[in-house]
file final-v1.cif (mmCIF, C-alpha atoms)
data_final
#
loop_
_atom_site.label_atom_id
_atom_site.label_comp_id
_atom_site.auth_asym_id
_atom_site.auth_seq_id
_atom_site.Cartn_x
_atom_site.Cartn_y
_atom_site.Cartn_z
CA MET A 1 -10.88 -128.71 -164.89
CA ASN A 2 -14.13 -126.76 -164.56
CA ARG A 3 -13.95 -123.89 -162.13
CA THR A 4 -16.82 -122.30 -160.23
CA VAL A 5 -16.00 -118.62 -160.32
CA ASP A 6 -17.46 -116.28 -157.69
CA ARG A 7 -18.49 -113.08 -159.50
CA SER A 8 -19.78 -111.29 -156.41
CA GLY A 9 -19.64 -107.52 -156.67
CA PRO A 10 -18.01 -104.97 -154.36
CA TRP A 11 -20.03 -105.22 -151.15
CA LEU A 12 -17.21 -104.49 -148.71
CA SER A 13 -17.29 -100.70 -148.81
CA ALA A 14 -16.80 -99.71 -145.20
CA ARG A 15 -13.03 -99.34 -145.41
CA ASP A 16 -11.36 -99.14 -148.82
CA GLU A 17 -14.36 -97.70 -150.66
CA LEU A 18 -14.68 -94.82 -148.22
CA ARG A 19 -11.12 -93.82 -148.99
CA ASN A 20 -11.93 -93.54 -152.71
CA ASN A 21 -13.40 -90.03 -152.69
CA GLY A 22 -11.55 -88.40 -155.54
CA VAL A 23 -13.48 -89.70 -158.55
CA VAL A 24 -16.73 -87.76 -158.09
CA LYS A 25 -16.52 -84.28 -156.63
CA TYR A 26 -19.14 -81.56 -156.35
CA GLY A 27 -21.48 -83.51 -158.63
CA GLU A 28 -19.04 -83.64 -161.56
CA THR A 29 -17.75 -86.96 -162.81
CA ARG A 30 -14.28 -87.16 -164.29
CA ARG A 31 -12.43 -90.02 -165.97
CA GLU A 32 -10.20 -92.07 -163.71
CA SER A 33 -6.48 -92.13 -164.38
CA PRO A 34 -4.87 -95.52 -165.14
CA GLN A 35 -3.53 -95.59 -161.58
CA GLU A 36 -7.02 -94.96 -160.17
CA GLU A 37 -8.56 -97.60 -162.44
CA LEU A 38 -6.01 -100.08 -161.12
CA ALA A 39 -6.79 -99.11 -157.53
CA THR A 40 -10.53 -99.47 -158.15
CA GLY A 41 -9.98 -102.93 -159.61
CA GLU A 42 -7.91 -103.89 -156.58
CA ARG A 43 -10.72 -102.85 -154.24
CA SER A 44 -13.32 -104.72 -156.28
CA THR A 45 -11.29 -107.94 -156.21
CA ARG A 46 -10.60 -107.52 -152.50
CA ASN A 47 -14.32 -107.16 -151.90
CA ARG A 48 -14.93 -110.37 -153.88
CA VAL A 49 -12.42 -112.20 -151.69
CA ALA A 50 -14.17 -111.05 -148.51
CA ARG A 51 -17.62 -111.80 -149.94
CA SER A 52 -16.53 -115.32 -150.88
CA ILE A 53 -15.42 -115.92 -147.28
CA LEU A 54 -18.77 -114.59 -146.05
CA ASP A 55 -20.70 -116.89 -148.41
CA HIS A 56 -18.63 -120.04 -147.91
CA GLY A 57 -17.14 -119.67 -144.44
CA PRO A 58 -13.46 -119.84 -143.41
CA SER A 59 -11.46 -120.69 -146.53
CA THR A 60 -7.95 -121.64 -147.53
CA VAL A 61 -5.98 -119.73 -150.14
CA ALA A 62 -6.39 -122.64 -152.56
CA GLU A 63 -10.19 -122.71 -152.11
CA LEU A 64 -10.47 -118.97 -152.68
CA ALA A 65 -8.28 -119.17 -155.77
CA VAL A 66 -10.55 -121.81 -157.34
CA ARG A 67 -13.78 -120.01 -156.48
CA LEU A 68 -12.59 -116.62 -157.70
CA GLY A 69 -10.55 -117.72 -160.72
CA LEU A 70 -7.38 -116.09 -159.36
CA THR A 71 -3.86 -117.30 -158.75
CA GLN A 72 -2.96 -118.24 -155.20
CA ALA A 73 -0.35 -115.47 -155.19
CA ALA A 74 -3.02 -112.89 -156.04
CA VAL A 75 -5.34 -114.24 -153.34
CA ARG A 76 -2.55 -114.04 -150.75
CA ARG A 77 -1.86 -110.42 -151.70
CA HIS A 78 -5.50 -109.43 -151.21
CA LEU A 79 -5.74 -111.42 -147.98
CA ASP A 80 -2.67 -109.63 -146.62
CA ALA A 81 -4.40 -106.29 -147.23
CA LEU A 82 -7.65 -107.50 -145.63
CA VAL A 83 -5.78 -108.81 -142.60
CA SER A 84 -3.94 -105.49 -142.29
CA ASP A 85 -7.30 -103.66 -142.32
CA GLY A 86 -8.72 -105.94 -139.63
CA VAL A 87 -11.38 -107.32 -141.98
CA VAL A 88 -10.05 -110.89 -142.13
CA GLU A 89 -8.00 -113.00 -139.72
CA ALA A 90 -5.97 -116.16 -140.22
CA ARG A 91 -6.65 -119.17 -138.04
CA GLU A 92 -5.82 -122.86 -137.92
CA GLN A 93 -8.26 -125.03 -139.84
CA ARG A 94 -10.48 -127.12 -137.59
CA VAL A 95 -9.98 -130.82 -138.23
CA TYR A 96 -12.77 -133.31 -137.58
CA GLY A 97 -11.83 -136.92 -136.97
CA ALA A 98 -8.29 -138.27 -137.09
CA ARG A 99 -5.56 -135.76 -137.89
CA THR A 100 -3.33 -136.37 -140.88
CA ARG A 101 0.41 -135.83 -140.72
CA GLY A 102 1.69 -132.31 -141.07
CA ARG A 103 0.39 -128.96 -139.94
CA PRO A 104 -3.30 -128.15 -140.51
CA ALA A 105 -3.96 -125.78 -143.37
CA LYS A 106 -4.42 -122.11 -142.54
CA VAL A 107 -7.87 -120.70 -143.21
CA PHE A 108 -9.04 -117.10 -143.39
CA ALA A 109 -12.22 -115.97 -141.67
CA LEU A 110 -14.04 -112.64 -141.36
CA THR A 111 -13.57 -110.69 -138.14
CA ASP A 112 -16.49 -109.01 -136.39
CA CYS A 113 -15.38 -105.77 -138.03
CA GLY A 114 -15.34 -107.41 -141.45
CA ARG A 115 -18.78 -108.92 -140.96
CA ASP A 116 -20.16 -105.50 -139.96
CA ALA A 117 -19.04 -104.09 -143.32
CA PHE A 118 -21.74 -106.12 -145.05
CA ASP A 119 -25.46 -105.41 -144.97
CA GLN A 120 -26.99 -105.91 -141.54
CA SER A 121 -30.58 -106.05 -140.31
CA TYR A 122 -30.07 -104.14 -137.07
CA ASP A 123 -32.57 -101.43 -138.03
CA LYS A 124 -35.28 -104.00 -138.73
CA LEU A 125 -34.49 -105.83 -135.50
CA ALA A 126 -34.74 -102.60 -133.49
CA ALA A 127 -38.01 -101.59 -135.19
CA ASP A 128 -39.45 -105.07 -134.61
CA ALA A 129 -38.49 -104.89 -130.93
CA LEU A 130 -40.12 -101.49 -130.48
CA ARG A 131 -43.23 -102.67 -132.31
CA TRP A 132 -43.47 -105.63 -129.93
CA ILE A 133 -43.07 -103.30 -126.94
CA ALA A 134 -45.82 -101.02 -128.27
CA GLU A 135 -48.20 -103.92 -128.98
CA THR A 136 -47.69 -105.66 -125.66
CA SER A 137 -47.22 -102.71 -123.28
CA GLY A 138 -48.50 -99.64 -125.10
CA ASP A 139 -46.96 -96.45 -126.43
CA GLU A 140 -46.03 -95.36 -122.92
CA ALA A 141 -43.56 -98.23 -122.76
CA VAL A 142 -41.92 -97.04 -126.00
CA VAL A 143 -41.53 -93.57 -124.46
CA ALA A 144 -40.03 -95.14 -121.32
CA PHE A 145 -37.61 -97.14 -123.43
CA ALA A 146 -36.56 -94.05 -125.41
CA ARG A 147 -35.90 -92.11 -122.21
CA ALA A 148 -33.99 -95.01 -120.65
CA ARG A 149 -31.88 -95.34 -123.79
CA ILE A 150 -30.78 -91.71 -123.77
CA ALA A 151 -30.24 -91.82 -119.99
CA ALA A 152 -27.84 -94.73 -120.44
CA GLN A 153 -25.79 -92.61 -122.86
CA SER A 154 -25.96 -89.43 -120.81
CA GLU A 155 -22.92 -89.73 -118.55
CA ALA A 156 -20.33 -88.66 -121.14
CA TYR A 157 -22.56 -85.86 -122.44
CA ARG A 158 -23.23 -84.52 -118.96
CA ALA A 159 -19.55 -84.60 -118.02
CA ALA A 160 -18.60 -82.70 -121.18
CA VAL A 161 -21.24 -80.02 -120.71
CA GLU A 162 -20.62 -79.52 -116.99
CA ALA A 163 -16.89 -79.11 -117.60
CA ALA A 164 -17.43 -76.33 -120.15
CA ASP A 165 -17.98 -72.62 -119.59
CA PRO A 166 -21.68 -71.67 -119.79
CA GLN A 167 -21.12 -69.92 -123.14
CA ALA A 168 -19.43 -73.02 -124.60
CA ARG A 169 -21.83 -75.72 -123.46
CA THR A 170 -23.58 -76.19 -126.80
CA GLU A 171 -20.20 -76.61 -128.49
CA ALA A 172 -19.16 -79.10 -125.80
CA LEU A 173 -22.34 -81.11 -126.36
CA ALA A 174 -21.71 -81.09 -130.12
CA LYS A 175 -18.22 -82.52 -129.63
CA ALA A 176 -19.55 -85.24 -127.31
CA LEU A 177 -22.25 -86.15 -129.82
CA SER A 178 -19.67 -86.30 -132.61
CA ALA A 179 -17.67 -88.81 -130.60
CA ASP A 180 -20.77 -91.05 -130.74
CA GLY A 181 -21.13 -90.74 -134.51
CA TYR A 182 -23.63 -87.87 -134.81
CA ALA A 183 -21.26 -85.52 -136.72
CA ALA A 184 -22.59 -82.59 -134.68
CA THR A 185 -21.71 -78.90 -134.90
CA ALA A 186 -22.81 -75.76 -133.06
CA ARG A 187 -23.31 -72.29 -134.53
CA SER A 188 -25.05 -69.04 -133.80
CA ALA A 189 -28.68 -69.01 -134.88
CA PRO A 190 -29.28 -66.94 -138.03
CA GLY A 191 -31.24 -63.70 -138.20
CA PRO A 192 -32.66 -62.03 -135.11
CA GLN A 193 -32.78 -65.23 -133.04
CA GLN A 194 -30.82 -64.89 -129.82
CA GLY A 195 -29.43 -68.35 -129.48
CA GLU A 196 -27.53 -71.23 -131.06
CA GLN A 197 -28.26 -74.13 -133.33
CA LEU A 198 -27.07 -77.63 -132.55
CA CYS A 199 -26.83 -79.46 -135.89
CA GLN A 200 -26.49 -83.25 -136.06
CA HIS A 201 -25.45 -84.13 -139.61
CA HIS A 202 -25.83 -87.87 -139.05
CA CYS A 203 -28.26 -89.99 -137.03
CA PRO A 204 -27.35 -93.65 -136.42
CA VAL A 205 -30.98 -94.51 -135.61
CA ALA A 206 -32.73 -92.43 -138.28
CA HIS A 207 -34.48 -95.35 -139.98
CA VAL A 208 -35.98 -96.56 -136.71
CA ALA A 209 -36.85 -93.00 -135.60
CA GLU A 210 -38.92 -92.60 -138.78
CA GLN A 211 -41.35 -95.13 -137.28
CA TYR A 212 -40.83 -94.20 -133.64
CA PRO A 213 -40.39 -90.43 -133.19
CA GLN A 214 -40.33 -91.03 -129.44
CA LEU A 215 -36.57 -91.53 -129.88
CA CYS A 216 -36.20 -87.97 -131.18
CA GLU A 217 -38.53 -86.58 -128.53
CA ALA A 218 -36.59 -88.22 -125.71
CA GLU A 219 -33.35 -86.82 -127.11
CA THR A 220 -34.84 -83.31 -127.25
CA GLU A 221 -36.04 -83.62 -123.64
CA PHE A 222 -32.55 -84.69 -122.62
CA PHE A 223 -30.91 -81.72 -124.36
CA SER A 224 -33.29 -79.40 -122.51
CA SER A 225 -32.51 -80.98 -119.15
CA LEU A 226 -28.79 -81.08 -119.80
CA LEU A 227 -28.51 -77.45 -120.91
CA GLY A 228 -30.95 -76.13 -118.34
CA THR A 229 -33.26 -74.39 -120.81
CA HIS A 230 -36.16 -75.12 -123.12
CA VAL A 231 -35.00 -76.12 -126.60
CA GLN A 232 -36.84 -76.39 -129.90
CA ARG A 233 -36.30 -79.16 -132.43
CA LEU A 234 -36.53 -77.47 -135.83
CA ALA A 235 -35.77 -80.40 -138.11
CA THR A 236 -34.87 -84.09 -138.01
CA ILE A 237 -33.27 -86.48 -140.45
CA ALA A 238 -35.96 -89.03 -139.52
CA HIS A 239 -38.61 -86.55 -140.70
CA GLY A 240 -36.86 -86.24 -144.08
CA ASP A 241 -34.78 -83.14 -143.38
CA GLY A 242 -31.10 -82.98 -144.24
CA VAL A 243 -29.89 -82.30 -140.70
CA CYS A 244 -31.28 -82.68 -137.19
CA THR A 245 -31.40 -79.08 -135.98
CA THR A 246 -32.14 -77.97 -132.41
CA TYR A 247 -32.54 -74.30 -131.44
CA ILE A 248 -31.04 -73.45 -128.04
CA PRO A 249 -31.81 -69.95 -126.71
CA ARG A 250 -29.10 -68.03 -124.94
CA SER A 251 -29.42 -67.76 -121.20
CA GLY A 252 -31.91 -65.11 -120.18
CA HIS A 253 -33.97 -65.27 -123.40
CA ALA A 254 -37.39 -66.88 -123.64
CA ALA A 255 -37.46 -70.16 -125.52
CA PRO A 256 -40.25 -71.68 -127.61
CA GLN A 257 -42.45 -74.09 -125.67
CA THR A 258 -43.21 -76.51 -128.50
CA THR A 259 -41.17 -79.02 -130.45
CA HIS A 260 -41.90 -79.64 -134.10
CA SER A 261 -40.32 -80.44 -137.43
CA VAL A 262 -40.35 -78.20 -140.45
CA SER A 263 -40.11 -79.06 -144.13
CA ALA A 264 -36.79 -80.01 -145.66
CA SER A 265 -36.73 -76.84 -147.74
CA THR A 266 -37.03 -74.67 -144.62
CA ALA A 267 -34.59 -76.76 -142.61
CA GLY A 268 -32.03 -76.52 -145.34
CA ARG A 269 -31.68 -72.80 -144.71
CA ASN A 270 -31.06 -73.18 -141.00
CA PRO A 271 -28.07 -75.52 -140.54
CA ALA A 272 -24.56 -74.63 -141.51
#

call {"tool": "encode", "arguments": {"input": "final-v1.cif", "output": "structure tokens"}}
result
Amino acid sequence: MNRTVDRSGPWLSARDELRNNGVVKYGETRRESPQEELATGERSTRNRVARSILDHGPSTVAELAVRLGLTQAAVRRHLDALVSDGVVEAREQRVYGARTRGRPAKVFALTDCGRDAFDQSYDKLAADALRWIAETSGDEAVVAFARARIAAQSEAYRAAVEAADPQARTEALAKALSADGYAATARSAPGPQQGEQLCQHHCPVAHVAEQYPQLCEAETEFFSSLLGTHVQRLATIAHGDGVCTTYIPRSGHAAPQTTHSVSASTAGRNPA
């Protein structure tokens, strides 16, 4: 019997692949041990199973085994792991027309979490939406959207900052931002500067902010309002810098009145 074998590569990296961080360290590549090679092969095959479900829809164990050139026992083992990780779920196969005798076959389908692990077009969708807003209502509407977006997220940030001592408010804001995926930290500003630096090591909207810096500007305005002082944006990931860095003067010290980005080489010396 001729088999159609799915040779799809390892796309599903959001879970298992992120755990595999021991092979390359500090820029040096080392040879994997036999145990690690086995684990890497397991992940690759598991990714192929999930990709096959994405490409072909909810599938039975037998269908997956034929497409991937695996035994049904091997497919079940990988499916068990994917179900455990919340990537795949088992459901009853939908039957069209008259039912045959016996229980319907069980099929495996991707969960919302599993589907999110594959490439998405959310950035393009967001950029397209902002472009449409700008073309139909002008740049002022983009600014209004950016401010409304940050205002909708502000409740948790405001509660965290207001609950903290005045000296710990930047740190409190950093923790609240980290809870939303910004991987933020706070530190004393280097050199003679009398203040702190809020460093955001990740930006979930960086690709869109490259085209629409109004998102960064609205965020900076919000930080200023929330902390009760002028702040200065020194660097942004959207501008090509390694970290989004905001200078926050200590209470009682004059703050810069302008907001700008500096080159990546300069920004690299500022964040921790």

call {"tool": "atom_distance", "arguments": {"input": "final-v1.cif", "atom1": "CA of Arg250 (chain A)", "atom2": "CA of Cys199 (chain A)"}}
result
16.0 Å

call {"tool": "atom_distance", "arguments": {"input": "final-v1.cif", "atom1": "CA of Leu177 (chain A)", "atom2": "CA of Val87 (chain A)"}}
result
26.7 Å

call {"tool": "residues_around", "arguments": {"input": "final-v1.cif", "residues": "Val231 (chain A)", "least_positions_apart": "4", "cutoff": "6 Å", "atoms": "only C-alpha atoms", "output": "count of residues only"}}
result
3

call {"tool": "residues_near_point", "arguments": {"input": "final-v1.cif", "point": "(-16.8, -85.6, -124.3)", "cutoff": "10 Å", "atoms": "all atoms listed in the file", "output": "list in words"}}
result
Glu155, Ala156, Tyr157, Arg158, Ala159, Ala160, Val161, Ala163, Ala172, Leu173, Ala174, Lys175, Ala176, Leu177, Ser178, Ala179 and Asp180 of chain A

call {"tool": "closest_residue", "arguments": {"input": "final-v1.cif", "among": "A:Arg51, A:His78, A:Gln197, A:Val205", "to": "Ala235 (chain A)", "atoms": "only C-alpha atoms"}}
result
A:Gln197

call {"tool": "residues_around", "arguments": {"input": "final-v1.cif", "residues": "region 105-116 of chain A", "least_positions_apart": "5", "cutoff": "7 Å", "atoms": "all atoms listed in the file", "output": "PyMOL selection string"}}
result
chain A and resi 53-54+57-60+86-93

call {"tool": "residues_around", "arguments": {"input": "final-v1.cif", "residues": "Asp123 (chain A)", "least_positions_apart": "4", "cutoff": "10 Å", "atoms": "only C-alpha atoms", "output": "NGL selection string"}}
result
:A and (127-129 or 204-209)

call {"tool": "atom_distance", "arguments": {"input": "final-v1.cif", "atom1": "CA of Ala218 (chain A)", "atom2": "CA of Val143 (chain A)"}}
result
7.4 Å

call {"tool": "closest_residue", "arguments": {"input": "final-v1.cif", "among": "A:Val83, A:Cys244, A:Ala146, A:Leu198", "to": "Glu221 (chain A)", "atoms": "all atoms listed in the file"}}
result
A:Ala146

call {"tool": "closest_residue", "arguments": {"input": "final-v1.cif", "among": "A:Leu226, A:Val49, A:Asp55, A:Gly240", "to": "Val75 (chain A)", "atoms": "only C-alpha atoms"}}
result
A:Val49
